[in-house]
Structures are given as structure tokens and as C-alpha cells.
file work33.pdb (PDB, C-alpha atoms, pLDDT in the B column)
ATOM      1  CA  MET A  57      60.213  -1.498  -1.008  1.00 45.00           C
ATOM      2  CA  ALA A  58      57.805  -1.187   1.806  1.00 47.00           C
ATOM      3  CA  SER A  59      55.129   1.280   1.093  1.00 50.00           C
ATOM      4  CA  SER A  60      53.337   3.191   3.786  1.00 55.00           C
ATOM      5  CA  SER A  61      50.095   3.353   1.804  1.00 57.00           C
ATOM      6  CA  PRO A  62      47.643   0.441   2.166  1.00 55.00           C
ATOM      7  CA  SER A  63      47.521  -2.117  -0.608  1.00 65.00           C
ATOM      8  CA  GLN A  64      44.423  -2.407  -2.824  1.00 64.00           C
ATOM      9  CA  PRO A  65      42.895  -5.402  -0.942  1.00 62.00           C
ATOM     10  CA  ASP A  66      43.555  -3.707   2.417  1.00 62.00           C
ATOM     11  CA  LEU A  67      41.828  -0.533   1.203  1.00 57.00           C
ATOM     12  CA  GLN A  68      38.782  -2.529   0.052  1.00 61.00           C
ATOM     13  CA  LEU A  69      38.532  -4.229   3.438  1.00 59.00           C
ATOM     14  CA  GLN A  70      38.629  -0.858   5.199  1.00 62.00           C
ATOM     15  CA  LEU A  71      35.949   0.674   2.940  1.00 63.00           C
ATOM     16  CA  GLN A  72      33.604  -2.299   3.064  1.00 77.00           C
ATOM     17  CA  PRO A  73      32.431  -1.903   6.705  1.00 77.00           C
ATOM     18  CA  GLU A  74      32.011   1.852   6.187  1.00 80.00           C
ATOM     19  CA  THR A  75      29.972   1.300   3.019  1.00 84.00           C
ATOM     20  CA  GLU A  76      27.873  -1.366   4.729  1.00 84.00           C
ATOM     21  CA  SER A  77      27.247   0.992   7.630  1.00 87.00           C
ATOM     22  CA  GLN A  78      26.137   3.761   5.275  1.00 89.00           C
ATOM     23  CA  MET A  79      23.890   1.354   3.359  1.00 91.00           C
ATOM     24  CA  SER A  80      22.390   0.084   6.601  1.00 91.00           C
ATOM     25  CA  SER A  81      21.659   3.656   7.652  1.00 93.00           C
ATOM     26  CA  ILE A  82      19.994   4.396   4.316  1.00 95.00           C
ATOM     27  CA  VAL A  83      17.913   1.213   4.454  1.00 95.00           C
ATOM     28  CA  TYR A  84      16.870   1.955   8.046  1.00 96.00           C
ATOM     29  CA  GLU A  85      15.872   5.532   7.172  1.00 96.00           C
ATOM     30  CA  ILE A  86      13.851   4.398   4.170  1.00 97.00           C
ATOM     31  CA  SER A  87      12.135   1.692   6.237  1.00 97.00           C
ATOM     32  CA  GLN A  88      11.206   4.311   8.848  1.00 97.00           C
ATOM     33  CA  GLN A  89       9.727   6.539   6.137  1.00 97.00           C
ATOM     34  CA  VAL A  90       7.788   3.624   4.644  1.00 98.00           C
ATOM     35  CA  GLN A  91       6.478   2.662   8.082  1.00 97.00           C
ATOM     36  CA  GLY A  92       5.336   6.245   8.694  1.00 97.00           C
ATOM     37  CA  ALA A  93       3.626   6.355   5.307  1.00 97.00           C
ATOM     38  CA  MET A  94       1.872   3.043   6.004  1.00 98.00           C
ATOM     39  CA  GLU A  95       0.651   4.291   9.395  1.00 98.00           C
ATOM     40  CA  ASN A  96      -0.722   7.435   7.747  1.00 98.00           C
ATOM     41  CA  MET A  97      -2.459   5.343   5.111  1.00 97.00           C
ATOM     42  CA  LEU A  98      -4.045   3.156   7.777  1.00 97.00           C
ATOM     43  CA  LYS A  99      -5.302   6.249   9.601  1.00 97.00           C
ATOM     44  CA  MET A 100      -6.782   7.613   6.381  1.00 97.00           C
ATOM     45  CA  MET A 101      -8.417   4.263   5.602  1.00 96.00           C
ATOM     46  CA  SER A 102      -9.968   4.236   9.064  1.00 95.00           C
ATOM     47  CA  GLU A 103     -11.303   7.765   8.564  1.00 95.00           C
ATOM     48  CA  ILE A 104     -12.686   6.798   5.167  1.00 95.00           C
ATOM     49  CA  ASP A 105     -14.447   3.780   6.698  1.00 93.00           C
ATOM     50  CA  GLU A 106     -15.979   5.963   9.405  1.00 92.00           C
ATOM     51  CA  ASN A 107     -17.124   8.584   6.888  1.00 94.00           C
ATOM     52  CA  SER A 108     -18.532   6.008   4.491  1.00 95.00           C
ATOM     53  CA  GLY A 109     -20.529   4.498   7.346  1.00 92.00           C
ATOM     54  CA  GLY A 110     -22.048   7.908   8.102  1.00 92.00           C
ATOM     55  CA  ILE A 111     -22.786   8.501   4.425  1.00 95.00           C
ATOM     56  CA  THR A 112     -24.464   5.099   4.145  1.00 95.00           C
ATOM     57  CA  GLU A 113     -26.672   5.944   7.128  1.00 95.00           C
ATOM     58  CA  GLU A 114     -27.648   9.264   5.548  1.00 96.00           C
ATOM     59  CA  ILE A 115     -28.503   7.519   2.275  1.00 97.00           C
ATOM     60  CA  GLU A 116     -30.735   5.058   4.117  1.00 97.00           C
ATOM     61  CA  LYS A 117     -32.494   7.910   5.944  1.00 97.00           C
ATOM     62  CA  CYS A 118     -33.075   9.707   2.641  1.00 97.00           C
ATOM     63  CA  LYS A 119     -34.467   6.521   1.083  1.00 97.00           C
ATOM     64  CA  GLU A 120     -36.884   6.099   3.969  1.00 97.00           C
ATOM     65  CA  GLN A 121     -37.970   9.734   3.758  1.00 97.00           C
ATOM     66  CA  SER A 122     -38.514   9.508   0.013  1.00 97.00           C
ATOM     67  CA  LEU A 123     -40.588   6.337   0.430  1.00 97.00           C
ATOM     68  CA  GLU A 124     -42.713   8.082   3.057  1.00 97.00           C
ATOM     69  CA  LYS A 125     -43.232  11.052   0.733  1.00 97.00           C
ATOM     70  CA  LYS A 126     -44.114   8.702  -2.110  1.00 97.00           C
ATOM     71  CA  ARG A 127     -46.723   6.969   0.063  1.00 97.00           C
ATOM     72  CA  GLY A 128     -48.141  10.344   1.062  1.00 97.00           C
ATOM     73  CA  LEU A 129     -48.365  11.451  -2.565  1.00 97.00           C
ATOM     74  CA  GLU A 130     -50.027   8.188  -3.571  1.00 97.00           C
ATOM     75  CA  GLU A 131     -52.590   8.577  -0.773  1.00 96.00           C
ATOM     76  CA  GLY A 132     -53.241  12.159  -1.861  1.00 97.00           C
ATOM     77  CA  LYS A 133     -53.646  11.041  -5.466  1.00 96.00           C
ATOM     78  CA  GLU A 134     -56.175   8.384  -4.439  1.00 96.00           C
ATOM     79  CA  GLN A 135     -58.171  10.944  -2.448  1.00 96.00           C
ATOM     80  CA  VAL A 136     -58.209  13.386  -5.383  1.00 96.00           C
ATOM     81  CA  GLU A 137     -59.294  10.616  -7.746  1.00 95.00           C
ATOM     82  CA  LYS A 138     -62.098   9.568  -5.381  1.00 95.00           C
ATOM     83  CA  ALA A 139     -63.255  13.161  -5.062  1.00 95.00           C
ATOM     84  CA  ALA A 140     -63.144  13.640  -8.849  1.00 94.00           C
ATOM     85  CA  TYR A 141     -65.170  10.456  -9.410  1.00 94.00           C
ATOM     86  CA  ALA A 142     -67.657  11.551  -6.761  1.00 94.00           C
ATOM     87  CA  VAL A 143     -68.072  14.922  -8.504  1.00 94.00           C
ATOM     88  CA  LEU A 144     -68.488  13.259 -11.904  1.00 93.00           C
ATOM     89  CA  GLU A 145     -71.077  10.877 -10.452  1.00 93.00           C
ATOM     90  CA  MET A 146     -72.988  13.785  -8.906  1.00 92.00           C
ATOM     91  CA  LEU A 147     -72.954  15.610 -12.256  1.00 91.00           C
ATOM     92  CA  ASN A 148     -74.122  12.493 -14.095  1.00 90.00           C
ATOM     93  CA  ASN A 149     -76.999  11.989 -11.637  1.00 89.00           C
ATOM     94  CA  ARG A 150     -78.258  15.585 -12.195  1.00 82.00           C
ATOM     95  CA  ALA A 151     -78.409  15.142 -15.923  1.00 63.00           C
TER      96      ALA A 151
END
call {"tool": "encode", "arguments": {"input": "work33.pdb", "output": "C-alpha cells"}}
result
Amino acid sequence: MASSSPSQPDLQLQLQPETESQMSSIVYEISQQVQGAMENMLKMMSEIDENSGGITEEIEKCKEQSLEKKRGLEEGKEQVEKAAYAVLEMLNNRA
């Protein structure tokens, strides 16, 4: 009895290349998506590096400004102390 339908092994051989082709397509598509995601991550990392560099510069500027203000306040404090001592000395000399 010759059957016109393919035997089980013949059917498996016919489906195997089709399945492999579908799997290859899926793997390729996923690899393309992963590559796109990686490129986006690299862009974001670059932007973060640039922004952090600008932030670091701003922090340094603020530190310098605060040190300058501190020096100015210390100089002002010294002048006030000198003036106060001079006034106290003048008052002590009158007594």
C-alpha cells in the first residue's frame, strides 16, 4: 500500500528547515533589539558623563565662592574685633 502522505521521518525533515528558519528570524530580531537597546544605553551613559562633568565644575565653582566668602567674613570679623578692642582701650584710658 503506497500512501500519498509523507511518512513521519519525511515530515520531520520538511519541518526542520522551516523551524530553523523561523528560529533564526526570531534570534536575529532579538539581537537587533538588544543592539538598539545597547546603543541607547551608551548614548545615555555619554550624556550622563557630560552632565556629571558640568555638575562637578559647578560644585568646584561653588566651593571656591564659599571659600572667598569665608575669607571675607573672617577679615570682617578681625576688623570688628580690632575696632572693639580699640574702643575698649580708649574707654579704659579715660577712666
call {"tool": "atom_distance", "arguments": {"input": "work33.pdb", "atom1": "CA of Ser108 in chain A", "atom2": "CA of Gln89 in chain A"}}
result
28.3 Å
call {"tool": "axis_aligned_box", "arguments": {"input": "work33.pdb", "around": "range 109-126 of chain A", "padding_each_side": "3 Å", "output": "JSON"}}
result
{"center_x": -32.3, "center_y": 7.8, "center_z": 3.0, "size_x": 29.6, "size_y": 12.6, "size_z": 16.2}
call {"tool": "atom_distance", "arguments": {"input": "work33.pdb", "atom1": "CA of Arg127 in chain A", "atom2": "CA of Leu144 in chain A"}}
result
25.6 Å
